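Let me begin by presenting the structure, written as structure tokens, before commenting on it.
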Amino acid sequence: MSAVEQRLAALGITLPSPAAPAANYVPFVRTGNLLVIAGQLCFGPDGKLAPEHKGKLGDTVSIEQGKAAARLCAINLLAQVKAAIGNLDRIERCVRLGGFINATLDFEPLAQVMNGASDLMVEALGDKGRHARSTVGVIVPFAAAVEVEGMFEISA
Amino acid sequence: MSAVEQRLAALGITLPSPAAPAANYVPFVRTGNLLVIAGQLCFGPDGKLAPEHKGKLGDTVSIEQGKAAARLCAINLLAQVKAAIGNLDRIERCVRLGGFINATLDFEPLAQVMNGASDLMVEALGDKGRHARSTVGVIVPFAAAVEVEGMFEISA
Amino acid sequence: MSAVEQRLAALGITLPSPAAPAANYVPFVRTGNLLVIAGQLCFGPDGKLAPEHKGKLGDTVSIEQGKAAARLCAINLLAQVKAAIGNLDRIERCVRLGGFINATLDFEPLAQVMNGASDLMVEALGDKGRHARSTVGVIVPFAAAVEVEGMFEISA
């Protein structure tokens, strides 16, 4: 088991089966040492959107629920990285996360919600998990509370 | 004529003149083997937004109209790639598409709309057209129904 | 002083201290010759959001105020690039800007607002500042009027 997965296991996290794309695209593409991961929704370990992770921040979804949803997105990103390269210890760096928060028009604490994803990435990868990040409020497919996309540098 | 353009011709598609940027930027930048294409709106072959491709999904624009708009964005992306590298057969891979759908706040089937772009890319490029993708609902410039940006890997 | 900073100085612009990330991430990550900069908000030289740069385009923020806010985001991007690589003359190219405009649902002239960022980049970097760009209307953290993220190619 990779050191990264051991760290996840210590947090009580087992990587789920990576989600199949919702449509005619693929979950990851490698180009050179870059691995681009498609936007991941906040599906739980059962592959489903929990009711509390469906809806908008600022409306039915609380900040704590949103953070938990963002954390699930980060876990799902790592599941895709594992599917792509086999061993998470081959991650050199989480380069960028793009956070899309399903939010009402006047919802301000978007960064706080996205921290759920950023924190997990650093817990799992240590300093290699420190990423550049953009966070915005949008409308997310299937009314999921959060979607996060990622770009990783991997060893050759 | 490139094999890719022959495939497009068989679909009845001629690449349009690539749209001039709406402002002080350029339609594409190459860095190493990566080609980054600016967000393309759903302009038709005449360089104009058709009335049915203006407005929001969930309001005046139907899902079928939205899919057609997304398809136009993908065609416009390929027109820019051709302007950048001359021959579309030099595309090694469509790495990523970013789909921005002009949608009402409660519109859920965003992925279905974006399929119009993804399907075209695979029809044109085959397996090289299979890309990572993020789709969100936003507000799109000029009230266009769809905007799609792209990243391609090209041969040296 | 770098030639780029001399050009900025001639415009009356001194690069501010780069903003600390609002959360558990970093302002920039380098991978190969690419430098990915986290989304920068329209903080002023004092590190604060001016009242006229808070709120939505189409509501309380005018197009001119929005352009000025986008210009601040571009300045803040360059401040981060300087923090990352020391000398702005090492920028080979501004590859991509992603513009996120805090806008009402029916606000159309998003491109015009984003020009504030694009124009500054070209004023500062000349032809190396000409970038690919995507602009959309969204909800921005802290109710900032504009957020801009960037990708730069830097010399080895």
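Convention: chains lettered A, B, ... in structure tokens order; per-chain residue numbering from 1; ligands numbered from 1 as shown.
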
Under the rule of at most 10 Å, produce a per-residue listing of chain A near chain C: chain, number, name, the closest pair of atoms, and the distance in Å, as JSON lines, using only C-alpha atoms.
```
{"residue": "A:Asn33", "atom": "CA", "partner": "C:Gly32", "partner_atom": "CA", "distance": 8.7}
{"residue": "A:Leu34", "atom": "CA", "partner": "C:Thr31", "partner_atom": "CA", "distance": 8.4}
{"residue": "A:Glu92", "atom": "CA", "partner": "C:Thr31", "partner_atom": "CA", "distance": 9.5}
{"residue": "A:Arg93", "atom": "CA", "partner": "C:Thr31", "partner_atom": "CA", "distance": 8.4}
{"residue": "A:Cys94", "atom": "CA", "partner": "C:Val29", "partner_atom": "CA", "distance": 8.7}
{"residue": "A:Val95", "atom": "CA", "partner": "C:Val29", "partner_atom": "CA", "distance": 5.9}
{"residue": "A:Arg96", "atom": "CA", "partner": "C:Val36", "partner_atom": "CA", "distance": 7.3}
{"residue": "A:Leu97", "atom": "CA", "partner": "C:Ala38", "partner_atom": "CA", "distance": 9.0}
{"residue": "A:Gly98", "atom": "CA", "partner": "C:Ala38", "partner_atom": "CA", "distance": 9.3}
{"residue": "A:Phe100", "atom": "CA", "partner": "C:Val138", "partner_atom": "CA", "distance": 9.8}
{"residue": "A:Ile101", "atom": "CA", "partner": "C:Ile139", "partner_atom": "CA", "distance": 8.9}
{"residue": "A:Asn102", "atom": "CA", "partner": "C:Ile139", "partner_atom": "CA", "distance": 9.5}
{"residue": "A:Ala103", "atom": "CA", "partner": "C:Ile139", "partner_atom": "CA", "distance": 7.7}
{"residue": "A:Thr104", "atom": "CA", "partner": "C:Ile139", "partner_atom": "CA", "distance": 8.2}
{"residue": "A:Leu105", "atom": "CA", "partner": "C:Ile139", "partner_atom": "CA", "distance": 6.2}
{"residue": "A:Asp106", "atom": "CA", "partner": "C:Ala143", "partner_atom": "CA", "distance": 7.6}
{"residue": "A:Phe107", "atom": "CA", "partner": "C:Ile139", "partner_atom": "CA", "distance": 7.6}
{"residue": "A:Glu108", "atom": "CA", "partner": "C:Phe142", "partner_atom": "CA", "distance": 4.8}
{"residue": "A:Pro109", "atom": "CA", "partner": "C:Pro141", "partner_atom": "CA", "distance": 6.1}
{"residue": "A:Leu110", "atom": "CA", "partner": "C:Pro141", "partner_atom": "CA", "distance": 5.3}
{"residue": "A:Ala111", "atom": "CA", "partner": "C:Pro141", "partner_atom": "CA", "distance": 6.3}
{"residue": "A:Gln112", "atom": "CA", "partner": "C:Ala23", "partner_atom": "CA", "distance": 7.4}
{"residue": "A:Met114", "atom": "CA", "partner": "C:Ala23", "partner_atom": "CA", "distance": 8.8}
{"residue": "A:Asn115", "atom": "CA", "partner": "C:Asn24", "partner_atom": "CA", "distance": 6.4}
{"residue": "A:Gly116", "atom": "CA", "partner": "C:Asn24", "partner_atom": "CA", "distance": 9.3}
{"residue": "A:Ala117", "atom": "CA", "partner": "C:Asn24", "partner_atom": "CA", "distance": 9.3}
{"residue": "A:Ser118", "atom": "CA", "partner": "C:Asn24", "partner_atom": "CA", "distance": 5.9}
{"residue": "A:Asp119", "atom": "CA", "partner": "C:Asn24", "partner_atom": "CA", "distance": 6.2}
{"residue": "A:Leu120", "atom": "CA", "partner": "C:Asn24", "partner_atom": "CA", "distance": 9.8}
{"residue": "A:Met121", "atom": "CA", "partner": "C:Tyr25", "partner_atom": "CA", "distance": 9.5}
{"residue": "A:Val122", "atom": "CA", "partner": "C:Asn24", "partner_atom": "CA", "distance": 8.1}
{"residue": "A:Gly129", "atom": "CA", "partner": "C:Tyr25", "partner_atom": "CA", "distance": 8.5}
{"residue": "A:Arg130", "atom": "CA", "partner": "C:Tyr25", "partner_atom": "CA", "distance": 5.3}
{"residue": "A:His131", "atom": "CA", "partner": "C:Tyr25", "partner_atom": "CA", "distance": 5.4}
{"residue": "A:Ala132", "atom": "CA", "partner": "C:Ala38", "partner_atom": "CA", "distance": 4.6}
{"residue": "A:Arg133", "atom": "CA", "partner": "C:Ala38", "partner_atom": "CA", "distance": 4.7}
{"residue": "A:Ser134", "atom": "CA", "partner": "C:Gly39", "partner_atom": "CA", "distance": 4.6}
{"residue": "A:Thr135", "atom": "CA", "partner": "C:Pro141", "partner_atom": "CA", "distance": 7.2}
{"residue": "A:Val136", "atom": "CA", "partner": "C:Val140", "partner_atom": "CA", "distance": 5.3}
{"residue": "A:Gly137", "atom": "CA", "partner": "C:Ile139", "partner_atom": "CA", "distance": 4.4}
{"residue": "A:Val138", "atom": "CA", "partner": "C:Val138", "partner_atom": "CA", "distance": 5.7}
{"residue": "A:Ile139", "atom": "CA", "partner": "C:Val138", "partner_atom": "CA", "distance": 8.8}
{"residue": "A:Phe152", "atom": "CA", "partner": "C:Thr31", "partner_atom": "CA", "distance": 9.1}
{"residue": "A:Glu153", "atom": "CA", "partner": "C:Thr31", "partner_atom": "CA", "distance": 6.9}
{"residue": "A:Ile154", "atom": "CA", "partner": "C:Thr31", "partner_atom": "CA", "distance": 9.9}
```

I'd like to know which residues of stretch 26-145 of chain C are helix (DSSP H, G or I) (by DSSP, run on the backbone); could you write them as a PyMOL selection string? chain C and resi 51-53+63-85+88-90+110-129+141-143

Straight-line distance linking atom CA of B:Gly126 with atom CA of B:Arg7, stated in Å to one decimal: 9.7 Å

Pick from A:Gly86, A:Gly58, A:Gly47, A:Gly99 nearest to A:Arg71, counting only C-alpha atoms: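 Checking each of A:Gly86, A:Gly58, A:Gly47, A:Gly99 against A:Arg71, counting only C-alpha atoms, the winner is A:Gly99.
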